[in-house]
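Only one structure is covered here, and it is reproduced in the block below.
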Amino acid sequence: MSLLVIAPLLVAVTTAVLTLALGRRPGIQRATSVVGVLGYVGTVSAAVWTLVLGPAAPGAAVYQVGGWPAPFGITLVLDGLSAFMLTIAAGVGIASILFSIRYVTPENQRVYYHPLFHMLLVGVTGAFLTGDLFNLFVWFEVMLIASYVFVAFYGTDRATAASFRYLVMNVFGSALMLIAVGGLYATTGTLNMADMARRLAAPDAYGIDPAPVVGLSALLLAVFALKAGLVPFQFWVPGAYTAAPTPITAMFAGVTKKVGMYAIVRLYFTVFAAAAVPVDLFGMTAASPLAFLAPVLGAMGAASIVVGGFGAVGQDRLEGVFAYSSVGQVGFIAVPVAIAAAADPAGTLRGAAVAAALVFALHHALAKGLLFLSVGAIEDATDTDRLRELGGLADRSPVLSGAVFVGLLSLMGLPPLAGFFGKLLAFDAAVRGLASDPGVAPALALVALLLGAVLTILYATRVWIVGFWGRETPAVEAASVDSGQVAVLVALAAAVVLVGVGFDPVYRFAETAATAALDGEAYVEVVGLEGGDGA
Amino acid sequence: MSVALAIAVGGLFAVGTFLLLQRDLIRVVLGVAVVSQATFVYLIAMGGIDEGARDLVPVLDTHGGGVPEIADPVVQALVLTAIVISFGTTALALVLSYRAYEENETMDVTEWAR
C-alpha cells in the first residue's frame, strides 16, 4: 500500500479543479497548469523510481482506494507495465502543455483548455493504474469526454461534425464494453482483474464455467481496437486528429491511442492468459483466449500498417499524413503483440515481442508527438499545412526543420534514433516468430512489416522533399516561427535521439514492463486479495 | 423472468441500432441514449434477478456465506455509475448536435463536412 501509486492521479485532478477555478486569471491559470504537469511528471518519476525501477524498489505496489480490501474495493496497481505507460504519458504531457501555452491563443486557453487537458491526463492515468475492470470503463469515459470536447474545440463545421461522429461511435463502443464487463462479472463473479486472473486459472476450484470468456474477451478486443484506431476501426482517426488542436493531437496519438493497446496487453496477457478455456472456433482449436487473439490482432495490425501507409502517401495536408501514419504505426505495435500471443508461453519470444511493442509505443509517442507539434508550429507560422503551399522551410527555419527531420528519420527507423530500435525489435520478433512456427500467418506478418517500412520511407521522404526543400513559397516567405514553440520541438527531438543513444536502460525498463505484463501470478500476489473465500 | 429481460435487452438494442443508423440528427442522439439504456438493463440482468436466490448472485455465491438472500448490490452500483456517465455523455451529445447543426446548417448527418 503506497500513497505514491495514487499521487499522479491526485495531482492531475487537483490541477484540473484549480485551473477551472482560476478561469478569470489567465496568467495564473496557465502557470498553475504548467506547474501541475510538472508535478505530474515529478510524482510519476518518484513513483516509478521508488516502486518499480530503483535499487530498493519492490517492483510493484498497490493502493486500495478507501482502504477497502481487494477484491471488494477498487485497486490501483503500479507495476512495470503501468509504470512504462505512465512515463510515456508524462513525457508527451509536458511537451504538449508547454507547446500549448505558446500555440493556443490566450482567448482559447482561458475557457476550458487547461481543465480539459488535465482531465484527459486524469483519464489516461486512471486507465493505466486501475486493477478493476469496471473502473477501467469509467476512466475510459473520463478520457473520452475530454476528447470529445477537444475534437470540437474550434467549433467549425468540420470540427463539430468530427466530434459528433467520434462521440456516437465511442458511445456504441462503451456499450459493447459494458456488455463484456457485465458478462465477465456474471461468469467469474468478480471485477477485480487479479481476482479474475486467479479464478480463470483454476475454474474448478472456484466453481465457475469460463467458456463465455472467449467471446467476451473478443468483444473487449473490438472495443480496445476501436480506441487504438486499428483497422477496421481506423475511420475516426483522420477526422478527429485533424480537427483537434495540434498539441492535443500529439496527446491523442502519443497517449490515448496507447491506452487501447495497453488494455489489450494487460487484459489478455495478465488476466486471460492463464484461463484454461478450450477454444474451438472456425476450425481453430486452442487452449486459451490468447491463441484466439494472435490471428485476429495480427490481421488487424497488418491491415492497419497497409491502410495507414497507403493513406499517408496520398494525403495533401501534413496533419493528414501524420494522422494516417498513426494508423499504420499502431499496426507496428499490434503485430508484435500478436506474435507474443502466438508464441510459446515458456519461451523467451513472448517477453521479447511484448517488449518490442512497448519500445515501439514509446518511439511512436515521442516521434509522432514531435511531428504533430511541428505541424502546429508550421501552421502557426505559415497559416497552412497544405503540402503544395509549403516549400523551402529548411532554408527559412533550419532549427524547426532539423527537429522535423529527426522525427521523420525516427519514423523511418534510422539508427541511432528511438525508431531504429522500435523497428529492429519488431522485425526481430517477427523473424523469430516465423522461425519458431514456419507458416503462412507469420510470413504475412513479416511481409506487412516490410511493406509498412517501405511506405513509411515513402511518405516521410515526400513530406521532406515537398515541404522543406525547394523554393520558398509565398506562405513560407511570410512565415515567422515562434522560438518558444521551436524550443519544445528541439527538446522532443533531443529526447528521440537520447532514447536511441542511451537505449540500454530504456530496453531494460521495457523488459521489466513486459515481464510484469506476462506474470499474472505476480500481479495476483501484489494485489493481495484479502477478502473473500479464496484468500 | 430472464426470457422477458432477454427480450427487453434485445428489443432495446434493435431499436437503438436502428435509430443510430438514421440520417436525422435527433434520431441518432436518441439512438445513443437507447443503446445505453439497453446495456443498463443487461447489466442488471447479469446480477441474476430471480427472487431470493443467493446462488444466482455471483459475488454472494463465490465470496459470501451466511449472507441473507438479497439482490446483487454490485450490479446496481455499476448501473448507477453507468447511468451518470451516460447522462453526461447524452447531455454533451445534445449540445454538440445543436452546435454541429448550426455550423453545418442541416439535420442530415450524411451531408455534414468531412
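Chain labels follow the order of the C-alpha cells: the first chain is A, the next B, and so on; residue numbering restarts at 1 in every chain, and ligands are counted from 1 in their shown order.
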
Using only C-alpha atoms, what does the table of chain B residues within 9 Å of chain A look like, with each row giving the shortest atom pair and its distance in Å to one decimal, sorted by chain and ascending number, as a tab-separated table?
```
residue	atom	partner	partner_atom	distance
B:Leu20	CA	A:Val168	CA	8.1
B:Val28	CA	A:Val168	CA	7.9
B:Val29	CA	A:Val168	CA	7.9
B:Gly31	CA	A:Val168	CA	9.0
B:Val32	CA	A:Val168	CA	6.5
B:Ala33	CA	A:Val171	CA	9.0
B:Val35	CA	A:Ala175	CA	7.0
B:Ser36	CA	A:Ala175	CA	6.0
B:Ala38	CA	A:Ala175	CA	8.4
B:Thr39	CA	A:Ala175	CA	6.0
B:Phe40	CA	A:Leu178	CA	8.4
B:Tyr42	CA	A:Ile179	CA	7.2
B:Leu43	CA	A:Gly182	CA	5.5
B:Ile44	CA	A:Gly182	CA	8.6
B:Ala45	CA	A:Gly182	CA	9.0
B:Met46	CA	A:Ala186	CA	5.5
B:Gly47	CA	A:Ala186	CA	6.7
B:Gly48	CA	A:Ala186	CA	8.1
B:Val57	CA	A:Gly189	CA	8.1
B:Pro58	CA	A:Gly189	CA	4.3
B:Val59	CA	A:Gly189	CA	5.2
B:Leu60	CA	A:Gly189	CA	8.4
B:Asp61	CA	A:Gly189	CA	8.0
B:Thr62	CA	A:Gly189	CA	6.6
B:His63	CA	A:Gly532	CA	4.5
B:Gly64	CA	A:Gly532	CA	7.0
B:Gly65	CA	A:Asp533	CA	8.8
B:Val75	CA	A:Gly182	CA	8.0
B:Leu78	CA	A:Phe134	CA	7.5
B:Thr81	CA	A:Val138	CA	8.2
B:Ala82	CA	A:Val138	CA	8.0
B:Ile85	CA	A:Glu141	CA	7.3
B:Ser86	CA	A:Val171	CA	8.5
B:Gly88	CA	A:Ile145	CA	8.6
B:Thr89	CA	A:Ile145	CA	7.1
B:Leu92	CA	A:Ile145	CA	8.4
B:Ala93	CA	A:Phe164	CA	7.0
B:Leu96	CA	A:Phe164	CA	6.7
B:Ser97	CA	A:Phe164	CA	6.8
B:Arg99	CA	A:Thr160	CA	7.0
B:Ala100	CA	A:Thr160	CA	4.9
B:Tyr101	CA	A:Asp157	CA	8.5
B:Glu102	CA	A:Asp157	CA	8.3
B:Glu103	CA	A:Asp157	CA	4.7
B:Asn104	CA	A:Asp157	CA	5.3
B:Glu105	CA	A:Asp157	CA	8.9
B:Val109	CA	A:Ala161	CA	8.0
B:Trp112	CA	A:Ala161	CA	6.3
B:Ala113	CA	A:Arg158	CA	5.1
B:Arg114	CA	A:Arg158	CA	5.9
```

Query raised in the report: Restricting the calculation to only C-alpha atoms, which member of B:Val34, B:Val95, B:Ile83, B:Thr110 is positioned closest to B:Leu19?
Result: B:Val34

Requested in this report: Give the helix (DSSP H, G or I) residues of stretch 371-518 of chain A, as assigned by DSSP on the backbone, as a PyMOL selection string.
Outcome: chain A and resi 371-382+387-389+393-396+398-412+418-436+440-468+474-477+483-501+503-518

Which neighbours of stretch 264-269 of chain A fall inside 7 Å, counting only C-alpha atoms, when residues of the same chain fewer than 5 positions from it are skipped, and could you give them as a compact mmCIF listing (two decimals) with C-alpha atoms, in the first residue's frame?
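For reference, result.txt as written:
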```txt
# COMPACT_ATOMS: atom_id res chain seq x y z
CA LEU A 221 -10.69 -6.67 -28.09
CA PHE A 224 -9.89 -1.59 -27.38
CA LEU A 290 -4.60 -15.81 -26.25
CA ALA A 517 2.60 -7.85 -18.20
CA LEU A 518 3.20 -11.59 -18.62
```

**Report entry** DSSP strand (DSSP E or B) selection over stretch 231-362 of chain A, as a VMD selection string
**Finding:** chain A and resid 279 to 281 284 to 286 317

Atoms to include: N, CA and C atoms. Write the selected residues as a PDB file, in the first residue's frame.
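The resulting file, selection09.pdb, is shown below:
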```
ATOM      1  N   VAL A 279     -10.684 -23.381 -26.698  1.00  0.00           N
ATOM      2  CA  VAL A 279     -11.324 -22.609 -27.764  1.00  0.00           C
ATOM      3  C   VAL A 279     -11.487 -23.528 -28.966  1.00  0.00           C
ATOM      4  N   ASP A 280     -12.675 -23.589 -29.507  1.00  0.00           N
ATOM      5  CA  ASP A 280     -12.890 -24.420 -30.684  1.00  0.00           C
ATOM      6  C   ASP A 280     -13.769 -23.636 -31.653  1.00  0.00           C
ATOM      7  N   LEU A 281     -13.130 -22.784 -32.430  1.00  0.00           N
ATOM      8  CA  LEU A 281     -13.886 -21.865 -33.271  1.00  0.00           C
ATOM      9  C   LEU A 281     -13.322 -21.853 -34.682  1.00  0.00           C
ATOM     10  N   MET A 284     -10.378 -23.615 -35.531  1.00  0.00           N
ATOM     11  CA  MET A 284      -9.202 -23.375 -34.711  1.00  0.00           C
ATOM     12  C   MET A 284      -9.402 -24.067 -33.374  1.00  0.00           C
ATOM     13  N   THR A 285      -8.401 -24.778 -32.908  1.00  0.00           N
ATOM     14  CA  THR A 285      -8.514 -25.297 -31.559  1.00  0.00           C
ATOM     15  C   THR A 285      -7.324 -24.790 -30.771  1.00  0.00           C
ATOM     16  N   ALA A 286      -7.580 -24.321 -29.560  1.00  0.00           N
ATOM     17  CA  ALA A 286      -6.504 -23.780 -28.760  1.00  0.00           C
ATOM     18  C   ALA A 286      -6.877 -23.910 -27.301  1.00  0.00           C
ATOM     19  N   ARG A 317      -2.359  17.185 -46.884  1.00  0.00           N
ATOM     20  CA  ARG A 317      -2.092  18.048 -45.737  1.00  0.00           C
ATOM     21  C   ARG A 317      -1.176  17.320 -44.757  1.00  0.00           C
TER      22      ARG A 317
END
```

Report task. Excluding stretch 117-133 of chain A and residues on its chain fewer than 3 positions from it, collect all residues at most 7 Å away from it, counting only C-alpha atoms, and give them as an MDAnalysis selection string. Result -> chainID A and resid 9 12:13 15:16 74:78 82 85:86 113:114 136:137 139:140 142:143 146 181 191:193 256 259
